[in-house]
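Report on the following structure.
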Amino acid sequence: MVQEVFQAVMRGIPGFRYSQPGDTFRGWLRTITDNKLRDHFRSRAGKPAARGGTDAQVRFLEIAAEESAVSQASEPFAGVVQQALRLIRDEFEQRTWQAFWLGTVEQRGAAEVAEQLGMSLGAVRQAKYKVLRRLRQELGEAE
């Protein structure tokens, strides 16, 4: 946005004149900025907002780790399980998914997972159960 304003100023500065009393460079610059802002929001109207930032990067890293761990699995249906995991991932809260992943895929003990995530043992077991139940449902539908 700033670069577009600078470009417009550079193109328009040779034609800038104080033609009326009260004309100021600041006012002229403000008009250019307002117009560029309007152009920007007009061009984005009706388009979905892009998501990103740190949360998106963390999620991409999780997906990569999941794919790596699942692809190394010895069972012959690893690709199906991997796809099912991707499909159901967003149905769960971050902590629930982490508890499942650490306890099931990384095979850490419930006590270790509970301590790492600040959860009770029961909550860790419940999270693992919920995700596994949903995964079984998804795989049952895939058969």
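Naming scheme: A, B, ... for chains in displayed order of the structure tokens; residues 1 onward per chain; ligands 1 onward as shown.
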For Gly15 (chain A), find every residue with an atom within 12 Å (counting only C-alpha atoms), except residues of its own chain fewer than 5 positions away, and show them as a ChimeraX atom specification. /A:8-10,25,28
Test item: residues at most 12 Å from Tyr129 (chain A), only C-alpha atoms, excluding those fewer than 2 positions along its chain, as an MDAnalysis selection string: chainID A and resid 96:97 99:101 103:104 122:127 131:136
Output N, CA and C atoms of each residue in that selection to a file, as a PDB file, in the first residue's frame.
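In the end it all went to part.pdb:
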```pdb
ATOM      1  N   THR A  96      -6.412 -30.817  22.355  1.00  0.00           N
ATOM      2  CA  THR A  96      -6.963 -32.165  22.207  1.00  0.00           C
ATOM      3  C   THR A  96      -6.162 -32.934  21.165  1.00  0.00           C
ATOM      4  N   TRP A  97      -5.910 -32.280  20.031  1.00  0.00           N
ATOM      5  CA  TRP A  97      -5.145 -32.930  18.971  1.00  0.00           C
ATOM      6  C   TRP A  97      -3.728 -33.232  19.429  1.00  0.00           C
ATOM      7  N   ALA A  99      -2.660 -33.783  22.464  1.00  0.00           N
ATOM      8  CA  ALA A  99      -2.692 -34.884  23.422  1.00  0.00           C
ATOM      9  C   ALA A  99      -2.823 -36.217  22.689  1.00  0.00           C
ATOM     10  N   PHE A 100      -3.704 -36.259  21.699  1.00  0.00           N
ATOM     11  CA  PHE A 100      -3.848 -37.472  20.889  1.00  0.00           C
ATOM     12  C   PHE A 100      -2.540 -37.807  20.182  1.00  0.00           C
ATOM     13  N   TRP A 101      -1.966 -36.811  19.514  1.00  0.00           N
ATOM     14  CA  TRP A 101      -0.774 -37.039  18.699  1.00  0.00           C
ATOM     15  C   TRP A 101       0.402 -37.510  19.547  1.00  0.00           C
ATOM     16  N   GLY A 103       0.348 -38.869  22.543  1.00  0.00           N
ATOM     17  CA  GLY A 103       0.087 -40.146  23.195  1.00  0.00           C
ATOM     18  C   GLY A 103      -0.017 -41.321  22.245  1.00  0.00           C
ATOM     19  N   THR A 104      -0.520 -41.094  21.035  1.00  0.00           N
ATOM     20  CA  THR A 104      -0.765 -42.197  20.099  1.00  0.00           C
ATOM     21  C   THR A 104       0.361 -42.357  19.084  1.00  0.00           C
ATOM     22  N   GLY A 122      -6.853 -37.789  33.039  1.00  0.00           N
ATOM     23  CA  GLY A 122      -8.156 -38.103  32.477  1.00  0.00           C
ATOM     24  C   GLY A 122      -8.431 -37.324  31.197  1.00  0.00           C
ATOM     25  N   ALA A 123      -8.052 -36.057  31.171  1.00  0.00           N
ATOM     26  CA  ALA A 123      -8.266 -35.228  29.990  1.00  0.00           C
ATOM     27  C   ALA A 123      -7.425 -35.730  28.818  1.00  0.00           C
ATOM     28  N   VAL A 124      -6.213 -36.194  29.104  1.00  0.00           N
ATOM     29  CA  VAL A 124      -5.356 -36.734  28.040  1.00  0.00           C
ATOM     30  C   VAL A 124      -5.980 -38.002  27.474  1.00  0.00           C
ATOM     31  N   ARG A 125      -6.428 -38.876  28.348  1.00  0.00           N
ATOM     32  CA  ARG A 125      -7.059 -40.121  27.887  1.00  0.00           C
ATOM     33  C   ARG A 125      -8.333 -39.829  27.097  1.00  0.00           C
ATOM     34  N   GLN A 126      -9.115 -38.869  27.578  1.00  0.00           N
ATOM     35  CA  GLN A 126     -10.360 -38.497  26.902  1.00  0.00           C
ATOM     36  C   GLN A 126     -10.077 -37.933  25.508  1.00  0.00           C
ATOM     37  N   ALA A 127      -9.055 -37.096  25.403  1.00  0.00           N
ATOM     38  CA  ALA A 127      -8.685 -36.514  24.103  1.00  0.00           C
ATOM     39  C   ALA A 127      -8.287 -37.618  23.124  1.00  0.00           C
ATOM     40  N   VAL A 131     -10.438 -38.553  19.558  1.00  0.00           N
ATOM     41  CA  VAL A 131      -9.839 -38.510  18.220  1.00  0.00           C
ATOM     42  C   VAL A 131      -9.833 -39.905  17.595  1.00  0.00           C
ATOM     43  N   LEU A 132      -9.480 -40.919  18.381  1.00  0.00           N
ATOM     44  CA  LEU A 132      -9.471 -42.277  17.842  1.00  0.00           C
ATOM     45  C   LEU A 132     -10.873 -42.731  17.429  1.00  0.00           C
ATOM     46  N   ARG A 133     -11.878 -42.372  18.235  1.00  0.00           N
ATOM     47  CA  ARG A 133     -13.257 -42.723  17.885  1.00  0.00           C
ATOM     48  C   ARG A 133     -13.649 -42.065  16.569  1.00  0.00           C
ATOM     49  N   ARG A 134     -13.306 -40.782  16.430  1.00  0.00           N
ATOM     50  CA  ARG A 134     -13.638 -40.063  15.191  1.00  0.00           C
ATOM     51  C   ARG A 134     -12.870 -40.636  13.997  1.00  0.00           C
ATOM     52  N   LEU A 135     -11.614 -41.017  14.225  1.00  0.00           N
ATOM     53  CA  LEU A 135     -10.811 -41.612  13.162  1.00  0.00           C
ATOM     54  C   LEU A 135     -11.425 -42.934  12.720  1.00  0.00           C
ATOM     55  N   ARG A 136     -11.861 -43.742  13.668  1.00  0.00           N
ATOM     56  CA  ARG A 136     -12.518 -45.005  13.322  1.00  0.00           C
ATOM     57  C   ARG A 136     -13.785 -44.755  12.509  1.00  0.00           C
TER      58      ARG A 136
END
```
Quick check, in Å to one decimal: how far apart do CA of Arg44 (chain A) and CA of Val2 (chain A) lie? 16.7 Å
Neighbours of Met1 (chain A) within 8 Å (only C-alpha atoms; same-chain residues fewer than 5 positions away dropped), as a PyMOL selection string? chain A and resi 36-37+40
What does the distance from CA of Gln83 (chain A) to CA of Gly140 (chain A) come to in Å, to one decimal? 13.2 Å
Using only C-alpha atoms: which of A:Val5, A:Ala114, A:Leu139, A:Gln20 has the shortest distance to Ala84 (chain A):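 With only C-alpha atoms as the atom set, the closest residue is A:Leu139.
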Go through region 1-137 of chain A and collect every residue that DSSP, computed from the backbone, puts in helix (DSSP H, G or I); the answer should be as an NGL selection string. :A and (2-15 or 25-44 or 54-71 or 78-91 or 94-105 or 110-117 or 121-137)
Write the residues of the selection above to a file with C-alpha atoms, as a CSV table (one decimal), in the first residue's frame.
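Writing done, so here's result-v3.csv:
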```csv
chain,number,residue,atom,x,y,z
A,2,VAL,CA,2.8,2.4,1.0
A,3,GLN,CA,4.7,1.7,-2.2
A,4,GLU,CA,1.6,2.3,-4.3
A,5,VAL,CA,1.2,5.7,-2.7
A,6,PHE,CA,4.8,6.5,-3.3
A,7,GLN,CA,4.5,5.5,-6.9
A,8,ALA,CA,1.4,7.8,-7.4
A,9,VAL,CA,3.2,10.7,-5.7
A,10,MET,CA,6.3,10.2,-7.9
A,11,ARG,CA,4.1,10.1,-11.1
A,12,GLY,CA,2.0,13.1,-10.0
A,13,ILE,CA,4.5,15.4,-8.3
A,14,PRO,CA,5.5,17.2,-11.6
A,15,GLY,CA,1.8,18.2,-12.0
A,25,PHE,CA,1.1,19.3,-0.2
A,26,ARG,CA,-0.2,17.5,2.8
A,27,GLY,CA,-3.8,17.7,1.6
A,28,TRP,CA,-2.7,16.5,-1.9
A,29,LEU,CA,-0.9,13.6,-0.3
A,30,ARG,CA,-3.9,12.8,1.9
A,31,THR,CA,-6.1,12.6,-1.2
A,32,ILE,CA,-3.7,10.2,-3.0
A,33,THR,CA,-3.6,8.0,0.1
A,34,ASP,CA,-7.4,8.0,0.6
A,35,ASN,CA,-7.8,7.0,-3.1
A,36,LYS,CA,-5.3,4.2,-2.9
A,37,LEU,CA,-7.0,2.9,0.3
A,38,ARG,CA,-10.4,2.9,-1.5
A,39,ASP,CA,-8.9,1.2,-4.5
A,40,HIS,CA,-7.4,-1.5,-2.3
A,41,PHE,CA,-10.6,-2.2,-0.4
A,42,ARG,CA,-12.6,-2.1,-3.6
A,43,SER,CA,-10.4,-4.7,-5.2
A,44,ARG,CA,-10.7,-7.0,-2.2
A,54,THR,CA,2.4,-17.8,13.0
A,55,ASP,CA,-0.6,-20.0,13.6
A,56,ALA,CA,-0.7,-21.1,10.0
A,57,GLN,CA,3.0,-21.8,10.0
A,58,VAL,CA,2.7,-24.0,13.1
A,59,ARG,CA,-0.2,-25.8,11.5
A,60,PHE,CA,1.8,-26.5,8.3
A,61,LEU,CA,4.7,-27.8,10.4
A,62,GLU,CA,2.3,-30.1,12.2
A,63,ILE,CA,0.8,-31.4,9.0
A,64,ALA,CA,4.3,-32.1,7.7
A,65,ALA,CA,5.2,-34.0,10.9
A,66,GLU,CA,2.0,-35.9,10.7
A,67,GLU,CA,2.6,-36.9,7.1
A,68,SER,CA,6.1,-38.0,7.9
A,69,ALA,CA,5.1,-40.1,10.9
A,70,VAL,CA,2.2,-41.7,9.2
A,71,SER,CA,4.1,-42.4,6.0
A,78,ALA,CA,-0.9,-45.7,5.9
A,79,GLY,CA,-2.1,-43.4,3.0
A,80,VAL,CA,-5.7,-43.9,3.9
A,81,VAL,CA,-5.0,-43.2,7.6
A,82,GLN,CA,-3.0,-40.1,6.7
A,83,GLN,CA,-5.8,-38.8,4.6
A,84,ALA,CA,-8.4,-39.5,7.3
A,85,LEU,CA,-6.2,-37.7,9.9
A,86,ARG,CA,-6.0,-34.7,7.6
A,87,LEU,CA,-9.8,-34.7,7.2
A,88,ILE,CA,-10.6,-34.8,10.9
A,89,ARG,CA,-7.8,-32.6,12.2
A,90,ASP,CA,-9.7,-29.3,12.2
A,91,GLU,CA,-12.6,-30.8,14.1
A,94,GLN,CA,-5.3,-27.7,19.4
A,95,ARG,CA,-4.7,-29.2,22.9
A,96,THR,CA,-7.0,-32.2,22.2
A,97,TRP,CA,-5.1,-32.9,19.0
A,98,GLN,CA,-1.7,-32.5,20.6
A,99,ALA,CA,-2.7,-34.9,23.4
A,100,PHE,CA,-3.8,-37.5,20.9
A,101,TRP,CA,-0.8,-37.0,18.7
A,102,LEU,CA,1.8,-37.2,21.5
A,103,GLY,CA,0.1,-40.1,23.2
A,104,THR,CA,-0.8,-42.2,20.1
A,105,VAL,CA,1.6,-41.4,17.3
A,110,ALA,CA,-0.2,-40.2,29.5
A,111,ALA,CA,1.6,-38.7,32.5
A,112,GLU,CA,4.3,-37.1,30.3
A,113,VAL,CA,1.7,-35.7,27.9
A,114,ALA,CA,-0.4,-34.4,30.7
A,115,GLU,CA,2.6,-32.6,32.2
A,116,GLN,CA,3.7,-31.2,28.9
A,117,LEU,CA,0.3,-29.9,28.0
A,121,LEU,CA,-4.4,-37.7,33.0
A,122,GLY,CA,-8.2,-38.1,32.5
A,123,ALA,CA,-8.3,-35.2,30.0
A,124,VAL,CA,-5.4,-36.7,28.0
A,125,ARG,CA,-7.1,-40.1,27.9
A,126,GLN,CA,-10.4,-38.5,26.9
A,127,ALA,CA,-8.7,-36.5,24.1
A,128,LYS,CA,-7.0,-39.6,22.8
A,129,TYR,CA,-10.3,-41.5,22.9
A,130,LYS,CA,-12.3,-38.8,21.1
A,131,VAL,CA,-9.8,-38.5,18.2
A,132,LEU,CA,-9.5,-42.3,17.8
A,133,ARG,CA,-13.3,-42.7,17.9
A,134,ARG,CA,-13.6,-40.1,15.2
A,135,LEU,CA,-10.8,-41.6,13.2
A,136,ARG,CA,-12.5,-45.0,13.3
A,137,GLN,CA,-15.8,-43.4,12.1
```
